[in-house]
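Listing of structure.cif; format and content: mmCIF, C-alpha atoms and all ligand atoms.
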data_final
loop_
_atom_site.label_atom_id
_atom_site.label_comp_id
_atom_site.auth_asym_id
_atom_site.auth_seq_id
_atom_site.Cartn_x
_atom_site.Cartn_y
_atom_site.Cartn_z
CA MET A 1 90.40 -75.58 -11.25
CA LEU A 2 89.20 -72.05 -10.72
CA SER A 3 89.75 -70.89 -7.18
CA TYR A 4 89.68 -67.10 -7.59
CA ARG A 5 86.50 -65.41 -6.34
CA HIS A 6 86.23 -61.67 -6.82
CA SER A 7 83.86 -61.35 -3.83
CA PHE A 8 86.94 -61.26 -1.57
CA HIS A 9 88.38 -58.27 -3.43
CA ALA A 10 85.38 -56.29 -4.69
CA GLY A 11 85.64 -52.56 -4.13
CA ASN A 12 89.34 -52.63 -3.28
CA PHE A 13 91.80 -49.97 -4.48
CA ALA A 14 92.44 -51.89 -7.71
CA ASP A 15 88.72 -52.12 -8.51
CA LEU A 16 88.48 -48.37 -8.11
CA LEU A 17 91.10 -47.61 -10.77
CA LYS A 18 89.60 -50.24 -13.09
CA HIS A 19 86.00 -49.12 -12.66
CA LEU A 20 86.80 -45.41 -12.88
CA THR A 21 88.55 -46.14 -16.18
CA LEU A 22 85.59 -48.22 -17.36
CA HIS A 23 83.17 -45.47 -16.38
CA TYR A 24 85.24 -42.92 -18.30
CA LEU A 25 85.46 -45.07 -21.43
CA LEU A 26 81.73 -45.86 -21.55
CA ASP A 27 80.82 -42.26 -20.83
CA TYR A 28 83.04 -41.30 -23.76
CA LEU A 29 81.27 -43.80 -26.05
CA ASN A 30 77.93 -42.39 -24.88
CA ARG A 31 78.84 -38.96 -26.26
CA LYS A 32 77.66 -40.21 -29.66
CA ASP A 33 74.25 -41.78 -30.35
CA LYS A 34 75.74 -44.56 -32.46
CA PRO A 35 75.44 -47.94 -30.72
CA TRP A 36 78.39 -49.57 -28.99
CA PHE A 37 79.39 -53.12 -28.17
CA TYR A 38 80.94 -54.01 -24.81
CA LEU A 39 82.84 -57.26 -24.38
CA ASP A 40 83.74 -58.23 -20.80
CA THR A 41 86.05 -61.23 -21.05
CA HIS A 42 86.27 -61.93 -17.30
CA ALA A 43 83.01 -60.64 -15.93
CA GLY A 44 82.83 -61.95 -12.35
CA ALA A 45 79.53 -62.06 -10.42
CA GLY A 46 78.30 -58.58 -11.41
CA LEU A 47 77.24 -57.36 -7.96
CA TYR A 48 78.87 -57.82 -4.57
CA SER A 49 77.63 -57.36 -1.03
CA LEU A 50 80.41 -55.77 0.97
CA LYS A 51 78.66 -57.03 4.11
CA SER A 52 79.24 -60.64 2.99
CA ALA A 53 81.56 -62.97 4.88
CA SER A 54 84.07 -62.97 1.99
CA ALA A 55 84.27 -59.17 1.72
CA GLU A 56 84.49 -58.80 5.50
CA LYS A 57 87.17 -61.50 5.67
CA THR A 58 89.72 -59.44 3.73
CA GLY A 59 88.23 -56.00 4.47
CA GLU A 60 89.89 -54.78 1.24
CA TYR A 61 86.96 -52.54 0.32
CA GLN A 62 87.70 -50.44 3.40
CA ASP A 63 90.82 -49.10 1.70
CA GLY A 64 88.91 -48.69 -1.56
CA ILE A 65 85.27 -47.80 -2.16
CA GLN A 66 84.61 -47.15 1.53
CA ARG A 67 87.07 -44.25 1.38
CA LEU A 68 85.35 -42.76 -1.67
CA LEU A 69 81.89 -43.14 -0.14
CA GLY A 70 83.04 -41.29 2.97
CA ALA A 71 84.61 -38.43 0.99
CA GLU A 72 83.39 -35.39 -0.87
CA PRO A 73 85.45 -35.76 -4.04
CA LYS A 74 86.22 -32.84 -6.32
CA HIS A 75 86.92 -34.59 -9.60
CA PRO A 76 83.73 -35.03 -11.69
CA LEU A 77 84.57 -38.67 -12.46
CA LEU A 78 84.99 -39.50 -8.77
CA GLN A 79 81.72 -37.72 -8.05
CA ALA A 80 79.86 -39.56 -10.83
CA PHE A 81 81.21 -42.97 -9.85
CA ARG A 82 80.47 -42.38 -6.16
CA GLN A 83 76.91 -41.41 -7.08
CA GLN A 84 76.53 -44.56 -9.16
CA VAL A 85 77.55 -46.78 -6.24
CA LEU A 86 75.29 -44.84 -3.87
CA SER A 87 72.35 -45.33 -6.24
CA LEU A 88 72.59 -49.10 -5.61
CA ASN A 89 72.47 -48.63 -1.87
CA THR A 90 69.08 -47.57 -0.57
CA LYS A 91 69.13 -49.24 2.87
CA PRO A 92 71.69 -48.35 5.54
CA SER A 93 71.97 -52.04 6.51
CA GLU A 94 73.34 -52.94 3.03
CA LEU A 95 76.44 -52.09 1.10
CA TYR A 96 76.55 -53.23 -2.51
CA TYR A 97 79.32 -52.68 -5.01
CA PRO A 98 78.87 -53.08 -8.78
CA GLY A 99 81.20 -55.27 -10.78
CA SER A 100 82.23 -54.30 -14.30
CA PRO A 101 79.18 -55.87 -16.06
CA LEU A 102 76.66 -54.16 -13.79
CA LEU A 103 78.47 -50.87 -14.09
CA ALA A 104 78.35 -51.19 -17.88
CA SER A 105 74.68 -52.18 -17.79
CA LEU A 106 73.91 -48.99 -15.82
CA MET A 107 75.54 -46.98 -18.59
CA MET A 108 74.21 -48.80 -21.63
CA ARG A 109 71.43 -47.32 -23.77
CA PRO A 110 68.68 -49.21 -25.64
CA GLN A 111 70.80 -49.34 -28.80
CA ASP A 112 73.93 -50.78 -27.12
CA ARG A 113 74.89 -54.42 -26.66
CA MET A 114 76.97 -56.38 -24.18
CA GLN A 115 78.61 -59.79 -24.15
CA LEU A 116 79.90 -61.19 -20.87
CA HIS A 117 82.09 -64.22 -20.23
CA GLU A 118 82.51 -65.89 -16.86
CA LEU A 119 83.90 -69.39 -16.36
CA HIS A 120 83.28 -70.00 -12.66
CA PRO A 121 79.95 -71.86 -12.32
CA GLN A 122 78.84 -70.03 -9.18
CA ASP A 123 79.83 -66.58 -10.39
CA HIS A 124 78.27 -67.33 -13.77
CA ARG A 125 75.00 -68.17 -11.98
CA LEU A 126 75.16 -65.00 -9.89
CA LEU A 127 75.98 -62.89 -12.94
CA SER A 128 73.01 -64.34 -14.81
CA SER A 129 70.69 -63.62 -11.89
CA HIS A 130 71.89 -60.01 -11.50
CA LEU A 131 71.47 -59.21 -15.20
CA GLN A 132 68.62 -61.55 -16.14
CA ASN A 133 66.10 -58.86 -17.06
CA LYS A 134 68.44 -56.82 -19.19
CA ALA A 135 67.80 -56.76 -22.92
CA ARG A 136 70.74 -56.99 -25.32
CA VAL A 137 73.00 -58.65 -22.76
CA ARG A 138 74.46 -62.04 -23.63
CA ILE A 139 76.09 -64.07 -20.87
CA GLN A 140 78.29 -67.06 -21.63
CA GLN A 141 80.06 -69.55 -19.39
CA SER A 142 83.03 -69.82 -21.70
CA ASP A 143 86.64 -68.72 -22.07
CA GLY A 144 86.85 -64.94 -22.32
CA PHE A 145 90.24 -64.97 -24.05
CA ALA A 146 88.78 -66.92 -26.98
CA ALA A 147 85.93 -64.40 -27.31
CA LEU A 148 88.15 -61.82 -29.02
CA LYS A 149 88.73 -64.16 -31.94
CA ALA A 150 85.14 -65.41 -31.97
CA SER A 151 83.18 -62.17 -31.51
CA LEU A 152 85.20 -59.40 -33.14
CA PRO A 153 84.69 -57.25 -35.10
CA PRO A 154 81.25 -56.28 -33.81
CA PRO A 155 78.75 -55.08 -36.44
CA GLU A 156 78.44 -51.81 -34.48
CA ARG A 157 82.11 -51.02 -35.30
CA ARG A 158 82.34 -49.09 -32.03
CA GLY A 159 83.30 -50.89 -28.94
CA LEU A 160 85.15 -51.51 -25.73
CA ILE A 161 86.79 -54.73 -24.63
CA LEU A 162 87.55 -55.08 -20.93
CA MET A 163 89.99 -57.81 -20.05
CA ASP A 164 90.30 -58.44 -16.34
CA PRO A 165 91.73 -61.91 -15.68
CA PRO A 166 92.62 -63.03 -12.16
CA TYR A 167 96.18 -63.95 -13.25
CA GLU A 168 95.96 -66.96 -10.91
CA LEU A 169 97.44 -68.96 -13.78
CA LYS A 170 100.87 -67.79 -14.92
CA GLU A 171 99.91 -68.30 -18.56
CA ASP A 172 97.22 -65.61 -18.23
CA TYR A 173 99.91 -62.97 -18.87
CA GLN A 174 100.80 -64.43 -22.28
CA ARG A 175 97.18 -65.24 -23.08
CA VAL A 176 96.28 -61.57 -22.57
CA ILE A 177 98.86 -60.45 -25.15
CA GLN A 178 97.88 -63.14 -27.66
CA ALA A 179 94.17 -62.44 -27.26
CA VAL A 180 94.64 -58.69 -27.70
CA GLN A 181 96.73 -59.30 -30.83
CA GLU A 182 93.90 -61.48 -32.20
CA GLY A 183 91.37 -58.81 -31.29
CA VAL A 184 93.27 -55.92 -32.85
CA LYS A 185 93.80 -57.93 -36.05
CA ARG A 186 90.00 -58.14 -36.40
CA PHE A 187 88.91 -54.87 -34.81
CA ALA A 188 91.75 -52.37 -35.04
CA THR A 189 89.70 -49.34 -34.03
CA GLY A 190 88.22 -50.82 -30.85
CA THR A 191 89.28 -49.67 -27.42
CA TYR A 192 90.88 -52.38 -25.28
CA ALA A 193 91.28 -51.92 -21.54
CA ILE A 194 93.43 -54.48 -19.76
CA TRP A 195 93.81 -54.62 -16.00
CA TYR A 196 97.04 -55.84 -14.40
CA PRO A 197 98.28 -56.22 -10.82
CA VAL A 198 101.61 -54.93 -9.51
CA LEU A 199 103.03 -57.81 -7.47
CA GLN A 200 106.75 -57.97 -8.24
CA ARG A 201 108.00 -54.80 -9.95
CA GLN A 202 110.54 -56.49 -12.26
CA GLN A 203 108.01 -59.00 -13.55
CA THR A 204 105.43 -56.28 -14.11
CA GLU A 205 107.89 -54.17 -16.11
CA SER A 206 109.08 -57.12 -18.15
CA TRP A 207 105.48 -58.07 -19.07
CA ILE A 208 104.60 -54.48 -19.97
CA ARG A 209 107.69 -54.32 -22.21
CA GLN A 210 106.48 -57.46 -24.00
CA PHE A 211 103.04 -55.90 -24.31
CA SER A 212 104.32 -52.64 -25.77
CA ASN A 213 106.55 -54.56 -28.22
CA ALA A 214 103.68 -56.71 -29.45
CA GLY A 215 102.93 -54.52 -32.46
CA LEU A 216 99.73 -53.02 -31.01
CA PRO A 217 98.36 -49.52 -31.72
CA SER A 218 98.67 -46.51 -29.42
CA LEU A 219 98.87 -47.55 -25.80
CA LEU A 220 98.24 -45.66 -22.58
CA ARG A 221 99.38 -46.94 -19.20
CA LEU A 222 97.59 -45.82 -16.04
CA GLU A 223 99.00 -47.16 -12.80
CA HIS A 224 98.32 -46.50 -9.17
CA CYS A 225 100.26 -48.01 -6.29
CA PRO A 226 99.05 -47.14 -2.80
CA LEU A 227 101.89 -49.27 -1.38
CA PRO A 228 105.62 -49.24 -2.16
CA ASP A 229 107.12 -51.98 -4.36
CA SER A 230 107.89 -55.07 -2.34
CA SER A 231 109.59 -58.42 -2.72
CA GLY A 232 106.72 -60.02 -0.78
CA PHE A 233 103.67 -61.67 -2.28
CA GLY A 234 100.92 -59.09 -1.90
CA MET A 235 99.56 -56.68 -4.50
CA THR A 236 101.05 -53.22 -3.99
CA GLY A 237 99.28 -51.54 -6.89
CA SER A 238 97.51 -52.07 -10.17
CA GLY A 239 97.23 -50.59 -13.60
CA MET A 240 95.30 -50.37 -16.82
CA LEU A 241 96.75 -50.70 -20.31
CA ILE A 242 94.47 -48.99 -22.80
CA ILE A 243 94.75 -49.45 -26.52
CA ASN A 244 93.19 -46.70 -28.64
CA PRO A 245 92.28 -44.52 -25.64
CA PRO A 246 90.13 -41.43 -26.20
CA TRP A 247 92.46 -38.47 -26.71
CA SER A 248 91.14 -36.74 -23.56
CA LEU A 249 91.72 -39.64 -21.17
CA ALA A 250 95.35 -38.96 -20.26
CA GLN A 251 94.61 -35.29 -19.69
CA ASP A 252 91.58 -35.97 -17.50
CA PHE A 253 93.41 -38.58 -15.45
CA LYS A 254 96.21 -36.09 -14.77
CA THR A 255 93.80 -34.28 -12.48
CA LEU A 256 92.07 -37.43 -11.22
CA MET A 257 95.12 -39.47 -10.18
CA PRO A 258 96.50 -37.10 -7.50
CA GLU A 259 93.09 -36.95 -5.84
CA LEU A 260 92.62 -40.72 -6.07
CA ASN A 261 96.12 -41.27 -4.70
CA GLN A 262 95.47 -39.02 -1.74
CA LEU A 263 92.10 -40.61 -1.07
CA LEU A 264 93.54 -44.13 -1.04
CA GLN A 265 96.74 -43.34 0.83
CA GLN A 266 97.89 -46.08 3.21
CA GLY A 267 100.52 -44.62 5.53
CA LYS A 268 102.98 -42.91 3.17
CA PRO A 269 101.68 -41.31 -0.06
CA GLY A 270 101.39 -43.76 -2.91
CA THR A 271 102.58 -43.31 -6.49
CA PHE A 272 100.93 -43.17 -9.88
CA CYS A 273 101.86 -42.88 -13.52
CA ILE A 274 100.18 -41.93 -16.79
CA GLU A 275 102.36 -42.89 -19.75
CA GLN A 276 101.71 -42.90 -23.49
CA SER A 277 103.31 -45.53 -25.75
CA GLY A 278 106.83 -44.62 -26.65
CA ASN A 279 107.44 -43.63 -23.02
CA ILE A 280 106.33 -46.88 -21.40
N1 LIG A 301 85.74 -57.86 -14.21
C1 LIG A 301 85.13 -58.11 -12.92
C2 LIG A 301 84.81 -56.79 -12.27
O1 LIG A 301 85.52 -55.80 -12.53
O2 LIG A 301 83.84 -56.71 -11.53
C3 LIG A 301 85.99 -58.95 -12.02
C4 LIG A 301 86.56 -60.17 -12.67
S1 LIG A 301 87.57 -61.14 -11.67
C5 LIG A 301 89.00 -60.19 -11.47
C6 LIG A 301 88.09 -62.36 -12.81
C7 LIG A 301 86.99 -63.38 -13.15
O3 LIG A 301 87.43 -64.13 -14.29
C8 LIG A 301 86.71 -64.40 -12.08
O4 LIG A 301 85.35 -64.34 -11.74
C9 LIG A 301 87.06 -65.76 -12.72
O5 LIG A 301 86.17 -66.79 -12.34
C10 LIG A 301 86.92 -65.46 -14.18
N2 LIG A 301 87.74 -66.27 -15.11
C11 LIG A 301 88.96 -66.83 -14.91
N3 LIG A 301 89.45 -67.33 -16.07
C12 LIG A 301 88.51 -67.08 -17.03
C13 LIG A 301 88.46 -67.29 -18.43
N4 LIG A 301 89.47 -67.90 -19.09
N5 LIG A 301 87.36 -66.87 -19.10
C14 LIG A 301 86.33 -66.26 -18.46
N6 LIG A 301 86.34 -66.00 -17.12
C15 LIG A 301 87.42 -66.41 -16.42
#
Just give me the structure as C-alpha cells.
Amino acid sequence: MLSYRHSFHAGNFADLLKHLTLHYLLDYLNRKDKPWFYLDTHAGAGLYSLKSASAEKTGEYQDGIQRLLGAEPKHPLLQAFRQQVLSLNTKPSELYYPGSPLLASLMMRPQDRMQLHELHPQDHRLLSSHLQNKARVRIQQSDGFAALKASLPPPERRGLILMDPPYELKEDYQRVIQAVQEGVKRFATGTYAIWYPVLQRQQTESWIRQFSNAGLPSLLRLEHCPLPDSSGFGMTGSGMLIINPPWSLAQDFKTLMPELNQLLQQGKPGTFCIEQSGNI
C-alpha cells in the first residue's frame, strides 16, 4: 500500500537541495553535445501546485522554495533554479513547483532521453499528463529499484540516475544500496544521485557507513540540516549521496551551501556538510 504523496512536501527545504543538485548535474551533462540518458526511479507527479490543499496543509514549501522566490540570490545556481521555477509561474494567482522529471525535461535537448518510474496510480496518471507531449520520455508504472538492473547500461553511455524513494518502507534503505550496486555493475561510469532524509542521526550515519562500505566508486555526500538533530520523528535535514560526481561539484557547492543554509534558516543557523569518500 503506497500512502506517500509528494504533493504534501513539494518545494520544501529537502526538495531544494535535491533539485539544485539535479540542476547542477544535468547542466554539467549539457556542457557536451553528446546525448545523455536520465533515469528517475521515483518520479512523483512531475508538477505540483503549491496552492493545493495538500501543499497548504503542511505549508512546507514556505520554508523552502517560497524563501528562494522572495530572495535575490547571489550564487549562479540559486539564480538559475529560481528563474526556472519562475518561468512556470505566469499568473500571480498560481504557484507551481516542478518535480524532478519536469525539471529534467526543461533541461533535456532533442538528442537526450528520459525514463521515469512511478508506482502510485494517481501520481503516475498526473506524471503522464504533465509530460505527455514530450518526445523521448518513457513513463512506466513499475518498480524504480528494478529499473537499474533492467535499463542499464544505456546505449548513450552518459547518464544520470536519480533515486528518490519515500523511505516509507524500512526496506527502502537496503533496496537503495542493492539497486545502486546492480547499477554500478552494469554502468560504472554513470552518475548516481541518491536522496536521503535525516530523521534519527544514528540511523542515518549507520546507513551511510553501509553505503560507503558497499564497494561503490567515488562518493560525495552533500547534506543540509536546517534543524538540529532530534530524537523526535520529524525530518531535520536531508542529503544527497553522489557516485561519480563531476569534479567541480564539491567546489561549487562550497560557495552554494552557506548561502542556501542562511536562506533556509529556521531560528538558529542550520548546518551543512560536503564530504568526499574516505572522509564520510
Ligand atoms: N523525485 C520526485 C521529485 O523530486 O519531484 C519526488 C518523488 S517522491 C519523494 C517518491 C515517489 O516514489 C512517490 O511518488 C511514490 O509514489 C513513488 N514510489 C514509491 N515506491 C516506488 C517504487 N518502488 N518504484 C517507483 N516509484 C515508487
**Study point:** Protein and nucleic acid residues within 7 Å of ligand LIG 301 (chain A) (only C-alpha atoms and all ligand atoms) as a PyMOL selection string
**Key:** chain A and resi 2+4-6+15+18-19+40-46+98-101+117-120+123+142-145+164-166
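With all atoms listed in the file as the basis for measurement, A:Met235 is the residue among A:Met235, A:Leu256, A:Ala188, A:Leu219 that approaches Thr204 (chain A) most closely.
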Review point. Quick one, how far is CA of Pro217 (chain A) from CA of Arg186 (chain A)?
Key: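 Going from CA of Pro217 (chain A) over to CA of Arg186 (chain A), I get 12.9 Å.
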Review point. Near Pro246 (chain A), within 10 Å and counting all atoms listed in the file, which residues show up once chain neighbours fewer than 6 positions away are dropped, as a ChimeraX atom specification?
Key: /A:24-25,28-29,191,220
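For Lys51 (chain A), the set of protein, DNA and RNA residues having any atom at most 12 Å away, when counting all atoms listed in the file and skipping those fewer than 3 positions along the same chain, is Ser7, Phe8, Ala10, Gly11, Tyr48, Ser54, Ala55, Glu56, Lys57, Thr58, Gly59, Glu60, Tyr61, Gln62, Gln66, Pro92, Ser93, Glu94, Leu95, Tyr96 and Tyr97 of chain A.
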Limited to C-alpha atoms, could you put the picked residues into a file as a compact mmCIF listing (two decimals), in the frame of the given file?
# COMPACT_ATOMS: atom_id res chain seq x y z
CA SER A 7 83.86 -61.35 -3.83
CA PHE A 8 86.94 -61.26 -1.57
CA ALA A 10 85.38 -56.29 -4.69
CA GLY A 11 85.64 -52.56 -4.13
CA TYR A 48 78.87 -57.82 -4.57
CA SER A 54 84.07 -62.97 1.99
CA ALA A 55 84.27 -59.17 1.72
CA GLU A 56 84.49 -58.80 5.50
CA LYS A 57 87.17 -61.50 5.67
CA THR A 58 89.72 -59.44 3.73
CA GLY A 59 88.23 -56.00 4.47
CA GLU A 60 89.89 -54.78 1.24
CA TYR A 61 86.96 -52.54 0.32
CA GLN A 62 87.70 -50.44 3.40
CA GLN A 66 84.61 -47.15 1.53
CA PRO A 92 71.69 -48.35 5.54
CA SER A 93 71.97 -52.04 6.51
CA GLU A 94 73.34 -52.94 3.03
CA LEU A 95 76.44 -52.09 1.10
CA TYR A 96 76.55 -53.23 -2.51
CA TYR A 97 79.32 -52.68 -5.01
Review point. Nearest to Ala80 (chain A) among A:Leu20, A:Ala53, A:Arg157, A:Ala135, with distances taken over only C-alpha atoms: which residue is it?
Key: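 Between A:Leu20, A:Ala53, A:Arg157, A:Ala135, the residue approaching Ala80 (chain A) most closely is A:Leu20.
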Exercise for review: Kindly indicate which residue among A:Leu102, A:Ala71, A:Cys225, A:Leu50 lies nearest to Tyr38 (chain A), using all atoms listed in the file for the distances.
Suggested key: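 Ranking A:Leu102, A:Ala71, A:Cys225, A:Leu50 by distance to Tyr38 (chain A), first place goes to A:Leu102.
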